[in-house]
>>> print(open('start_26.txt').read())   # compact mmCIF, C-alpha atoms
# COMPACT_ATOMS: atom_id res chain seq x y z
CA MET L 1 129.16 11.13 -210.89
CA THR L 2 130.99 10.31 -214.09
CA THR L 3 130.41 7.14 -216.10
CA LEU L 4 133.55 5.33 -217.17
CA PHE L 5 134.27 2.11 -219.04
CA ARG L 6 136.97 -0.50 -218.70
CA PRO L 7 137.72 -3.30 -221.22
CA VAL L 8 138.82 -6.45 -219.42
CA GLY L 9 139.64 -10.06 -220.21
CA LEU L 10 138.31 -13.09 -218.37
CA ARG L 11 141.25 -13.13 -215.97
CA GLU L 12 140.49 -9.59 -214.81
CA LEU L 13 136.73 -10.10 -214.73
CA SER L 14 137.09 -13.11 -212.41
CA PRO L 15 138.44 -11.12 -209.41
CA ILE L 16 135.99 -8.30 -210.19
CA TRP L 17 133.23 -10.86 -209.62
CA ASP L 18 134.95 -11.97 -206.42
CA SER L 19 134.76 -8.37 -205.18
CA GLY L 20 130.98 -8.38 -205.62
CA MET L 21 131.43 -6.36 -208.84
CA ARG L 22 132.60 -3.42 -206.77
CA GLY L 23 136.29 -3.09 -207.53
CA PHE L 24 139.11 -3.82 -209.95
CA PRO L 25 141.98 -6.14 -208.92
CA PRO L 26 145.43 -4.81 -208.00
CA ARG L 27 147.76 -4.20 -210.89
CA LEU L 28 150.57 -6.64 -211.59
CA PRO L 29 154.19 -5.54 -210.99
CA HIS L 30 154.67 -4.75 -214.69
CA GLN L 31 151.42 -2.71 -214.81
CA PRO L 32 152.11 0.64 -213.08
CA ILE L 33 148.97 2.35 -214.46
CA PHE L 34 145.25 1.49 -214.43
CA TYR L 35 143.45 2.79 -217.54
CA PRO L 36 139.68 3.37 -217.39
CA VAL L 37 138.33 5.01 -220.53
CA ALA L 38 135.77 7.74 -221.07
CA ASN L 39 133.48 6.24 -223.71
CA ARG L 40 131.91 2.95 -224.77
CA GLU L 41 133.31 3.10 -228.31
CA TYR L 42 136.93 3.12 -227.16
CA ALA L 43 136.32 0.35 -224.62
CA THR L 44 134.57 -1.73 -227.27
CA GLN L 45 137.47 -1.35 -229.69
CA ILE L 46 139.94 -2.62 -227.09
CA ALA L 47 137.71 -5.46 -225.88
CA ARG L 48 136.88 -6.63 -229.39
CA ASP L 49 140.22 -6.12 -231.14
CA TRP L 50 142.75 -6.75 -228.38
CA ASN L 51 141.31 -8.72 -225.46
CA THR L 52 139.89 -11.44 -227.72
CA LYS L 53 143.44 -12.25 -228.78
CA ASP L 54 144.87 -12.76 -225.29
CA SER L 55 145.03 -16.09 -223.46
CA SER L 56 141.35 -16.12 -222.45
CA PHE L 57 140.07 -15.12 -225.92
CA ALA L 58 137.45 -12.82 -224.38
CA GLY L 59 136.90 -9.10 -224.08
CA TYR L 60 134.25 -7.63 -221.78
CA VAL L 61 133.21 -3.98 -221.71
CA THR L 62 132.52 -2.97 -218.12
CA LYS L 63 130.68 0.19 -217.09
CA PHE L 64 130.78 1.96 -213.75
CA SER L 65 130.27 5.35 -212.10
CA VAL L 66 132.91 7.25 -210.14
CA ASP L 67 132.49 10.09 -207.68
CA ASP L 68 133.41 13.35 -209.41
CA SER L 69 135.32 14.70 -206.43
CA HIS L 70 137.73 11.77 -206.65
CA LEU L 71 137.99 11.63 -210.44
CA GLY L 72 138.87 15.33 -210.39
CA ASN L 73 142.29 14.34 -209.06
CA TYR L 74 143.16 12.97 -212.51
CA GLN L 75 143.31 14.55 -215.93
CA PRO L 76 141.87 12.84 -219.03
CA HIS L 77 144.40 11.95 -221.72
CA THR L 78 143.81 11.47 -225.43
CA ALA L 79 145.69 8.51 -226.88
CA GLY L 80 145.58 8.93 -230.64
CA SER L 81 142.12 9.73 -232.04
CA ALA L 82 139.68 12.08 -230.34
CA THR L 83 137.58 9.17 -229.05
CA HIS L 84 140.54 7.52 -227.31
CA VAL L 85 140.12 9.34 -224.01
CA GLU L 86 141.43 7.60 -220.89
CA TYR L 87 142.44 8.30 -217.32
CA TRP L 88 145.80 7.29 -215.91
CA ILE L 89 145.44 5.99 -212.36
CA PRO L 90 148.72 5.01 -210.66
CA ALA L 91 148.62 1.43 -209.41
CA GLU L 92 149.12 2.58 -205.82
CA HIS L 93 145.95 4.72 -206.12
CA LEU L 94 143.71 1.90 -207.33
CA SER L 95 142.36 1.00 -203.88
CA ALA L 96 141.17 4.58 -203.34
CA PHE L 97 139.80 4.67 -206.89
CA ASN L 98 137.79 1.50 -206.21
CA ALA L 99 136.40 3.10 -203.08
CA SER L 100 135.09 5.99 -205.20
CA ILE L 101 133.04 3.67 -207.43
CA GLN L 102 129.34 4.20 -206.85
CA GLY L 103 127.28 1.00 -206.97
CA MET L 104 128.30 -2.07 -208.95
CA ILE L 105 130.46 -2.55 -212.01
CA ALA L 106 128.27 -3.86 -214.85
CA ILE L 107 129.05 -5.75 -218.06
CA GLU L 108 127.82 -3.80 -221.08
CA SER L 109 128.84 -6.25 -223.81
CA ALA L 110 131.36 -8.97 -224.57
CA TYR L 111 133.36 -10.37 -227.48
CA PHE L 112 134.85 -13.84 -227.87
CA GLY L 113 137.43 -15.59 -230.01
CA LEU L 114 136.76 -19.07 -231.36
CA GLU L 115 139.11 -20.61 -228.79
CA PHE L 116 137.18 -19.22 -225.81
CA LYS L 117 136.82 -21.89 -223.10
CA GLY L 118 135.21 -19.72 -220.46
CA PHE L 119 135.41 -19.92 -216.71
CA VAL L 120 135.66 -23.58 -215.68
CA PRO L 121 134.31 -24.34 -212.19
CA ASP L 122 135.72 -27.00 -209.89
CA ARG L 123 132.58 -28.34 -208.25
CA PHE L 124 129.10 -29.78 -208.71
CA GLY L 125 127.71 -30.78 -212.12
CA LEU L 126 129.71 -28.27 -214.17
CA LYS L 127 133.06 -29.29 -212.69
CA GLY L 128 135.83 -29.39 -215.27
CA LYS L 129 133.59 -28.48 -218.22
CA ASP L 130 134.32 -25.66 -220.67
CA ALA L 131 131.69 -23.01 -221.44
CA VAL L 132 130.09 -24.95 -224.31
CA ALA L 133 129.86 -28.21 -222.37
CA GLN L 134 128.48 -26.33 -219.36
CA PHE L 135 125.54 -24.98 -221.30
CA VAL L 136 124.72 -28.33 -222.87
CA ALA L 137 124.82 -29.88 -219.40
CA MET L 138 122.50 -27.17 -218.05
CA ALA L 139 120.04 -27.80 -220.89
CA LYS L 140 119.99 -31.49 -220.06
CA THR L 141 119.63 -30.76 -216.35
CA TRP L 142 116.58 -28.60 -217.03
CA ASP L 143 114.99 -31.48 -218.92
CA TYR L 144 115.25 -33.97 -216.06
CA GLY L 145 115.66 -32.01 -212.83
CA ARG L 146 114.35 -28.49 -212.38
CA MET L 147 115.52 -28.20 -208.77
CA ASP L 148 118.96 -29.53 -209.74
CA PHE L 149 119.05 -26.77 -212.38
CA VAL L 150 118.28 -24.09 -209.80
CA CYS L 151 120.85 -25.51 -207.37
CA GLU L 152 123.50 -25.63 -210.10
CA VAL L 153 122.95 -21.94 -210.81
CA SER L 154 123.32 -21.14 -207.11
CA THR L 155 126.42 -23.31 -206.62
CA ASN L 156 128.18 -22.19 -209.81
CA ARG L 157 126.92 -18.63 -210.00
CA LYS L 158 130.36 -17.33 -210.92
CA ALA L 159 130.56 -19.59 -213.98
CA VAL L 160 127.01 -18.66 -214.98
CA TYR L 161 127.79 -14.96 -214.73
CA LEU L 162 131.13 -15.04 -216.55
CA ASN L 163 129.90 -17.30 -219.37
CA PHE L 164 126.36 -15.95 -219.71
CA LEU L 165 126.86 -13.58 -222.64
CA PHE L 166 128.75 -16.26 -224.53
CA TRP L 167 125.89 -18.70 -224.02
CA ALA L 168 123.30 -16.14 -225.08
CA GLN L 169 124.36 -16.22 -228.73
CA PHE L 170 126.52 -19.29 -229.31
CA ASP L 171 125.06 -21.74 -231.84
CA PHE L 172 124.62 -25.05 -229.99
CA THR L 173 122.60 -26.68 -232.79
CA ALA L 174 125.28 -29.23 -233.63
CA LEU L 175 125.22 -30.29 -229.97
CA GLY L 176 121.49 -30.95 -229.88
CA VAL L 177 120.29 -27.59 -228.59
CA ASN L 178 118.61 -25.45 -231.26
CA GLN L 179 118.34 -21.67 -231.02
CA GLN L 180 114.79 -21.73 -229.65
CA GLN L 181 115.86 -24.16 -226.93
CA ARG L 182 118.95 -22.09 -226.22
CA ASP L 183 116.88 -18.94 -225.75
CA ALA L 184 114.48 -20.80 -223.47
CA ILE L 185 117.35 -22.02 -221.28
CA ILE L 186 118.76 -18.49 -221.13
CA GLU L 187 115.42 -17.29 -219.72
CA LYS L 188 115.34 -20.19 -217.26
CA LEU L 189 118.83 -19.20 -216.12
CA ARG L 190 117.55 -15.68 -215.47
CA GLU L 191 114.61 -17.03 -213.52
CA ALA L 192 116.84 -19.33 -211.45
CA TRP L 193 119.22 -16.43 -210.82
CA ASP L 194 116.37 -14.32 -209.49
CA PHE L 195 114.96 -17.24 -207.47
CA ASN L 196 118.33 -17.61 -205.74
CA ARG L 197 118.31 -13.88 -204.92
CA ILE L 198 121.85 -13.37 -206.14
CA ASP L 199 122.91 -9.80 -205.43
CA VAL L 200 124.75 -9.21 -208.72
CA PRO L 201 122.29 -9.00 -211.64
CA LEU L 202 123.00 -10.95 -214.80
CA PRO L 203 124.01 -8.87 -217.85
CA SER L 204 120.88 -7.36 -219.34
CA GLY L 205 121.45 -8.78 -222.80
CA THR L 206 120.74 -5.42 -224.47
CA GLN L 207 124.05 -5.76 -226.27
CA PHE L 208 124.77 -9.35 -227.16
CA PRO L 209 128.36 -10.47 -227.69
CA THR L 210 130.12 -11.41 -230.86
CA ILE L 211 132.17 -14.55 -231.47
CA LEU L 212 135.08 -13.54 -233.64
CA ASP L 213 137.15 -15.58 -236.02
CA VAL L 214 140.37 -14.42 -234.41
CA ILE L 215 143.49 -15.18 -236.41
>>> encode(input="start_26.txt", output="structure tokens")
Amino acid sequence: MTTLFRPVGLRELSPIWDSGMRGFPPRLPHQPIFYPVANREYATQIARDWNTKDSSFAGYVTKFSVDDSHLGNYQPHTAGSATHVEYWIPAEHLSAFNASIQGMIAIESAYFGLEFKGFVPDRFGLKGKDAVAQFVAMAKTWDYGRMDFVCEVSTNRKAVYLNFLFWAQFDFTALGVNQQQRDAIIEKLREAWDFNRIDVPLPSGTQFPTILDVI
């Protein structure tokens, strides 16, 4: 198996979640090529410097493993510097490429612009709230209703997953949640996630995201 990386924005990460973190969404008509890259550094550069400036103001570095027998059908290409190594997968081959992915796609790290709003769910207590308001609501829910907290995580697991790395380092102090309280809620979210036996693990948090002052 070969480990590859793919920088994605929130719009691309959303259907990846919908696939159970097992495949990338079909390319759009104006996107004839799918570009996974060969190293974390290149993926990070794209996620941090490019994806944070698109409409979702977020860049996620995803990591996944591909069967060597399938990847052998494609040649690596160097785009500029020696670290900019990528594979060119024709859009019509993406379904077969997804089938060659071994296990789940994981989020390695994430980067956010100041205008990041996150994934906004359409039901239960987090309905209609942006990522910041969601976390503040979850903190309040933990204070008065532990079972409601657990149920919210189960019901809105997609929002929790997509916004988790943003929550893990955003400064909520001005909103009444200090850093110690934030970190405690992050751990409670992990516990509730495990309690609900959700198949997709939360990001490990070994590489926390960065909120960028994107101009």
>>> closest_residue(input="start_26.txt", among="L:His70, L:Lys127, L:Lys63, L:Lys140", to="L:Gly176", atoms="all atoms listed in the file")
L:Lys140
>>> closest_residue(input="start_26.txt", among="L:Leu175, L:Val61, L:Val150, L:Met104", to="L:Trp17", atoms="all atoms listed in the file")
L:Met104
>>> residues_around(input="start_26.txt", residues="L:Lys188", least_positions_apart="6", cutoff="10 Å", atoms="only C-alpha atoms", output="ChimeraX atom specification")
/L:139,142,146,149-150,182,194
>>> write_last_selection(input="start_26.txt", atoms="C-alpha atoms", output="PDB file, in the coordinates of the input")
ATOM      1  CA  ALA L 139     120.040 -27.800-220.890  1.00  0.00           C
ATOM      2  CA  TRP L 142     116.580 -28.600-217.030  1.00  0.00           C
ATOM      3  CA  ARG L 146     114.350 -28.490-212.380  1.00  0.00           C
ATOM      4  CA  PHE L 149     119.050 -26.770-212.380  1.00  0.00           C
ATOM      5  CA  VAL L 150     118.280 -24.090-209.800  1.00  0.00           C
ATOM      6  CA  ARG L 182     118.950 -22.090-226.220  1.00  0.00           C
ATOM      7  CA  ASP L 194     116.370 -14.320-209.490  1.00  0.00           C
TER       8      ASP L 194
END
>>> closest_residue(input="start_26.txt", among="L:Ala58, L:Leu71, L:Leu13, L:Ala38", to="L:His84", atoms="only C-alpha atoms")
L:Ala38
>>> residues_around(input="start_26.txt", residues="L:Ser56", least_positions_apart="3", cutoff="9 Å", atoms="all atoms listed in the file", output="MDAnalysis selection string")
chainID L and resid 9:11 51:53 59 112:113 115:118
>>> residues_around(input="start_26.txt", residues="L:Asn196", least_positions_apart="2", cutoff="12 Å", atoms="all atoms listed in the file", output="ChimeraX atom specification")
/L:147,149-157,189-194,198-201
>>> residues_around(input="start_26.txt", residues="L:Pro121", least_positions_apart="6", cutoff="9 Å", atoms="all atoms listed in the file", output="MDAnalysis selection string")
chainID L and resid 127:130 156 158:159
>>> closest_residue(input="start_26.txt", among="L:Val132, L:Leu126, L:Leu28, L:Pro36", to="L:Thr173", atoms="only C-alpha atoms")
L:Val132
>>> axis_aligned_box(input="start_26.txt", around="stretch 169-183 of chain L", padding_each_side="8 Å", output="JSON")
{"center_x": 120.7, "center_y": -23.6, "center_z": -229.7, "size_x": 27.7, "size_y": 30.7, "size_z": 23.9}
>>> atom_distance(input="start_26.txt", atom1="atom CA of L:Pro25", atom2="atom CA of L:Arg48")
21.1 Å
>>> atom_distance(input="start_26.txt", atom1="atom CA of L:Ala174", atom2="atom CA of L:Tyr144")
20.8 Å
>>> closest_residue(input="start_26.txt", among="L:Ala110, L:Met1, L:Ala47, L:Ala99", to="L:Ser69", atoms="all atoms listed in the file")
L:Met1
>>> residues_around(input="start_26.txt", residues="L:Gly103", least_positions_apart="5", cutoff="10 Å", atoms="all atoms listed in the file", output="short mmCIF file (atom, residue, chain, number, x, y, z; two decimals) with C-alpha atoms, keeping the file's coordinate frame")
data_model
loop_
_atom_site.label_atom_id
_atom_site.label_comp_id
_atom_site.auth_asym_id
_atom_site.auth_seq_id
_atom_site.Cartn_x
_atom_site.Cartn_y
_atom_site.Cartn_z
CA MET L 21 131.43 -6.36 -208.84
CA ARG L 22 132.60 -3.42 -206.77
CA GLY L 23 136.29 -3.09 -207.53
CA PHE L 64 130.78 1.96 -213.75
CA SER L 65 130.27 5.35 -212.10
CA VAL L 66 132.91 7.25 -210.14
#
>>> atom_distance(input="start_26.txt", atom1="atom CA of L:Ile185", atom2="atom CA of L:Arg6")
29.2 Å
>>> closest_residue(input="start_26.txt", among="L:Pro32, L:Ala168, L:Ala43, L:Pro203", to="L:Glu86", atoms="only C-alpha atoms")
L:Ala43
>>> decode(input="start_26.txt", residues="stretch 46-175 of chain L", atoms="C-alpha atoms", output="PDB file, in the first residue's frame")
ATOM      1  CA  ILE L  46      -2.313  23.711  -0.565  1.00  0.00           C
ATOM      2  CA  ALA L  47      -4.743  23.350   2.348  1.00  0.00           C
ATOM      3  CA  ARG L  48      -3.231  26.244   4.283  1.00  0.00           C
ATOM      4  CA  ASP L  49      -2.434  28.675   1.464  1.00  0.00           C
ATOM      5  CA  TRP L  50      -5.172  27.973  -1.071  1.00  0.00           C
ATOM      6  CA  ASN L  51      -8.187  26.204   0.434  1.00  0.00           C
ATOM      7  CA  THR L  52      -8.506  28.716   3.283  1.00  0.00           C
ATOM      8  CA  LYS L  53      -9.184  31.404   0.685  1.00  0.00           C
ATOM      9  CA  ASP L  54     -12.054  29.644  -1.076  1.00  0.00           C
ATOM     10  CA  SER L  55     -15.735  30.056  -0.207  1.00  0.00           C
ATOM     11  CA  SER L  56     -15.631  27.793   2.867  1.00  0.00           C
ATOM     12  CA  PHE L  57     -12.428  29.350   4.284  1.00  0.00           C
ATOM     13  CA  ALA L  58     -11.139  25.925   5.343  1.00  0.00           C
ATOM     14  CA  GLY L  59      -8.431  23.547   4.225  1.00  0.00           C
ATOM     15  CA  TYR L  60      -8.229  19.969   5.491  1.00  0.00           C
ATOM     16  CA  VAL L  61      -5.323  17.598   4.883  1.00  0.00           C
ATOM     17  CA  THR L  62      -6.691  14.102   4.348  1.00  0.00           C
ATOM     18  CA  LYS L  63      -4.592  10.941   4.456  1.00  0.00           C
ATOM     19  CA  PHE L  64      -5.396   7.553   2.960  1.00  0.00           C
ATOM     20  CA  SER L  65      -3.790   4.359   1.667  1.00  0.00           C
ATOM     21  CA  VAL L  66      -4.159   2.998  -1.859  1.00  0.00           C
ATOM     22  CA  ASP L  67      -3.500  -0.486  -3.166  1.00  0.00           C
ATOM     23  CA  ASP L  68      -0.158  -0.494  -4.992  1.00  0.00           C
ATOM     24  CA  SER L  69      -1.427  -2.638  -7.845  1.00  0.00           C
ATOM     25  CA  HIS L  70      -3.974   0.038  -8.723  1.00  0.00           C
ATOM     26  CA  LEU L  71      -1.746   3.058  -8.130  1.00  0.00           C
ATOM     27  CA  GLY L  72       0.811   1.467 -10.456  1.00  0.00           C
ATOM     28  CA  ASN L  73      -1.478   2.398 -13.346  1.00  0.00           C
ATOM     29  CA  TYR L  74      -0.509   6.052 -12.852  1.00  0.00           C
ATOM     30  CA  GLN L  75       2.802   7.863 -12.947  1.00  0.00           C
ATOM     31  CA  PRO L  76       3.776  10.475 -10.333  1.00  0.00           C
ATOM     32  CA  HIS L  77       4.275  13.993 -11.664  1.00  0.00           C
ATOM     33  CA  THR L  78       6.374  16.782 -10.190  1.00  0.00           C
ATOM     34  CA  ALA L  79       4.687  20.182 -10.334  1.00  0.00           C
ATOM     35  CA  GLY L  80       7.393  22.735  -9.648  1.00  0.00           C
ATOM     36  CA  SER L  81       9.593  21.940  -6.638  1.00  0.00           C
ATOM     37  CA  ALA L  82      10.789  18.439  -5.793  1.00  0.00           C
ATOM     38  CA  THR L  83       8.236  18.111  -2.980  1.00  0.00           C
ATOM     39  CA  HIS L  84       5.288  18.882  -5.266  1.00  0.00           C
ATOM     40  CA  VAL L  85       4.650  15.291  -6.319  1.00  0.00           C
ATOM     41  CA  GLU L  86       1.112  14.394  -7.388  1.00  0.00           C
ATOM     42  CA  TYR L  87      -0.821  11.773  -9.297  1.00  0.00           C
ATOM     43  CA  TRP L  88      -3.166  12.628 -12.145  1.00  0.00           C
ATOM     44  CA  ILE L  89      -6.299  10.492 -11.993  1.00  0.00           C
ATOM     45  CA  PRO L  90      -8.784  11.081 -14.835  1.00  0.00           C
ATOM     46  CA  ALA L  91     -12.235  11.954 -13.514  1.00  0.00           C
ATOM     47  CA  GLU L  92     -13.737   8.872 -15.156  1.00  0.00           C
ATOM     48  CA  HIS L  93     -11.288   6.684 -13.178  1.00  0.00           C
ATOM     49  CA  LEU L  94     -12.174   8.121  -9.771  1.00  0.00           C
ATOM     50  CA  SER L  95     -14.736   5.444  -8.896  1.00  0.00           C
ATOM     51  CA  ALA L  96     -12.154   2.697  -9.440  1.00  0.00           C
ATOM     52  CA  PHE L  97      -9.565   4.746  -7.548  1.00  0.00           C
ATOM     53  CA  ASN L  98     -11.948   5.049  -4.587  1.00  0.00           C
ATOM     54  CA  ALA L  99     -12.435   1.288  -4.654  1.00  0.00           C
ATOM     55  CA  SER L 100      -8.668   0.848  -4.267  1.00  0.00           C
ATOM     56  CA  ILE L 101      -8.571   2.872  -1.026  1.00  0.00           C
ATOM     57  CA  GLN L 102      -7.771   0.639   1.913  1.00  0.00           C
ATOM     58  CA  GLY L 103      -9.662   1.531   5.094  1.00  0.00           C
ATOM     59  CA  MET L 104     -10.920   5.019   5.863  1.00  0.00           C
ATOM     60  CA  ILE L 105      -9.802   8.448   4.770  1.00  0.00           C
ATOM     61  CA  ALA L 106      -8.534  10.357   7.826  1.00  0.00           C
ATOM     62  CA  ILE L 107      -8.090  14.057   8.577  1.00  0.00           C
ATOM     63  CA  GLU L 108      -4.475  14.807   9.457  1.00  0.00           C
ATOM     64  CA  SER L 109      -4.791  18.541  10.122  1.00  0.00           C
ATOM     65  CA  ALA L 110      -6.871  21.561   9.181  1.00  0.00           C
ATOM     66  CA  TYR L 111      -6.503  25.291   8.578  1.00  0.00           C
ATOM     67  CA  PHE L 112      -9.158  27.989   8.773  1.00  0.00           C
ATOM     68  CA  GLY L 113      -9.656  31.572   7.656  1.00  0.00           C
ATOM     69  CA  LEU L 114     -11.269  34.101   9.965  1.00  0.00           C
ATOM     70  CA  GLU L 115     -14.527  33.942   7.998  1.00  0.00           C
ATOM     71  CA  PHE L 116     -14.969  30.196   8.537  1.00  0.00           C
ATOM     72  CA  LYS L 117     -18.599  29.390   9.418  1.00  0.00           C
ATOM     73  CA  GLY L 118     -18.305  25.624   9.406  1.00  0.00           C
ATOM     74  CA  PHE L 119     -20.859  22.997   8.557  1.00  0.00           C
ATOM     75  CA  VAL L 120     -24.295  24.224   9.655  1.00  0.00           C
ATOM     76  CA  PRO L 121     -26.788  21.443  10.460  1.00  0.00           C
ATOM     77  CA  ASP L 122     -30.518  21.673   9.855  1.00  0.00           C
ATOM     78  CA  ARG L 123     -31.904  19.841  12.864  1.00  0.00           C
ATOM     79  CA  PHE L 124     -31.972  19.493  16.637  1.00  0.00           C
ATOM     80  CA  GLY L 125     -30.277  21.989  18.980  1.00  0.00           C
ATOM     81  CA  LEU L 126     -27.524  23.057  16.570  1.00  0.00           C
ATOM     82  CA  LYS L 127     -29.917  23.856  13.729  1.00  0.00           C
ATOM     83  CA  GLY L 128     -28.939  26.992  11.831  1.00  0.00           C
ATOM     84  CA  LYS L 129     -25.937  27.809  14.037  1.00  0.00           C
ATOM     85  CA  ASP L 130     -22.434  28.483  12.712  1.00  0.00           C
ATOM     86  CA  ALA L 131     -19.415  26.611  14.097  1.00  0.00           C
ATOM     87  CA  VAL L 132     -18.729  29.097  16.900  1.00  0.00           C
ATOM     88  CA  ALA L 133     -22.341  29.239  18.070  1.00  0.00           C
ATOM     89  CA  GLN L 134     -22.545  25.437  17.904  1.00  0.00           C
ATOM     90  CA  PHE L 135     -19.701  24.973  20.341  1.00  0.00           C
ATOM     91  CA  VAL L 136     -21.051  27.551  22.780  1.00  0.00           C
ATOM     92  CA  ALA L 137     -24.418  25.787  22.631  1.00  0.00           C
ATOM     93  CA  MET L 138     -22.754  22.420  23.287  1.00  0.00           C
ATOM     94  CA  ALA L 139     -20.926  23.853  26.306  1.00  0.00           C
ATOM     95  CA  LYS L 140     -24.205  25.117  27.724  1.00  0.00           C
ATOM     96  CA  THR L 141     -25.913  21.814  26.984  1.00  0.00           C
ATOM     97  CA  TRP L 142     -23.237  19.944  28.929  1.00  0.00           C
ATOM     98  CA  ASP L 143     -23.874  22.197  31.917  1.00  0.00           C
ATOM     99  CA  TYR L 144     -27.592  21.442  32.151  1.00  0.00           C
ATOM    100  CA  GLY L 145     -28.252  18.177  30.310  1.00  0.00           C
ATOM    101  CA  ARG L 146     -25.626  15.477  29.921  1.00  0.00           C
ATOM    102  CA  MET L 147     -27.930  13.107  28.032  1.00  0.00           C
ATOM    103  CA  ASP L 148     -29.024  15.943  25.736  1.00  0.00           C
ATOM    104  CA  PHE L 149     -25.316  16.535  25.035  1.00  0.00           C
ATOM    105  CA  VAL L 150     -24.780  12.893  24.080  1.00  0.00           C
ATOM    106  CA  CYS L 151     -27.909  12.870  21.910  1.00  0.00           C
ATOM    107  CA  GLU L 152     -26.818  16.075  20.159  1.00  0.00           C
ATOM    108  CA  VAL L 153     -23.499  14.476  19.251  1.00  0.00           C
ATOM    109  CA  SER L 154     -25.315  11.444  17.845  1.00  0.00           C
ATOM    110  CA  THR L 155     -27.887  13.474  15.902  1.00  0.00           C
ATOM    111  CA  ASN L 156     -25.409  16.011  14.520  1.00  0.00           C
ATOM    112  CA  ARG L 157     -22.357  13.791  14.195  1.00  0.00           C
ATOM    113  CA  LYS L 158     -21.522  15.235  10.786  1.00  0.00           C
ATOM    114  CA  ALA L 159     -21.323  18.783  12.170  1.00  0.00           C
ATOM    115  CA  VAL L 160     -19.267  17.583  15.132  1.00  0.00           C
ATOM    116  CA  TYR L 161     -16.809  15.804  12.847  1.00  0.00           C
ATOM    117  CA  LEU L 162     -16.423  18.589  10.285  1.00  0.00           C
ATOM    118  CA  ASN L 163     -16.075  21.361  12.887  1.00  0.00           C
ATOM    119  CA  PHE L 164     -14.121  19.457  15.541  1.00  0.00           C
ATOM    120  CA  LEU L 165     -10.604  20.637  14.696  1.00  0.00           C
ATOM    121  CA  PHE L 166     -11.807  24.223  14.519  1.00  0.00           C
ATOM    122  CA  TRP L 167     -13.368  23.916  17.965  1.00  0.00           C
ATOM    123  CA  ALA L 168     -10.240  22.315  19.410  1.00  0.00           C
ATOM    124  CA  GLN L 169      -8.221  25.534  19.238  1.00  0.00           C
ATOM    125  CA  PHE L 170     -10.595  28.448  18.725  1.00  0.00           C
ATOM    126  CA  ASP L 171     -10.535  31.002  21.542  1.00  0.00           C
ATOM    127  CA  PHE L 172     -14.086  31.144  22.940  1.00  0.00           C
ATOM    128  CA  THR L 173     -13.119  33.249  25.974  1.00  0.00           C
ATOM    129  CA  ALA L 174     -15.061  36.310  24.826  1.00  0.00           C
ATOM    130  CA  LEU L 175     -18.143  34.094  24.585  1.00  0.00           C
TER     131      LEU L 175
END
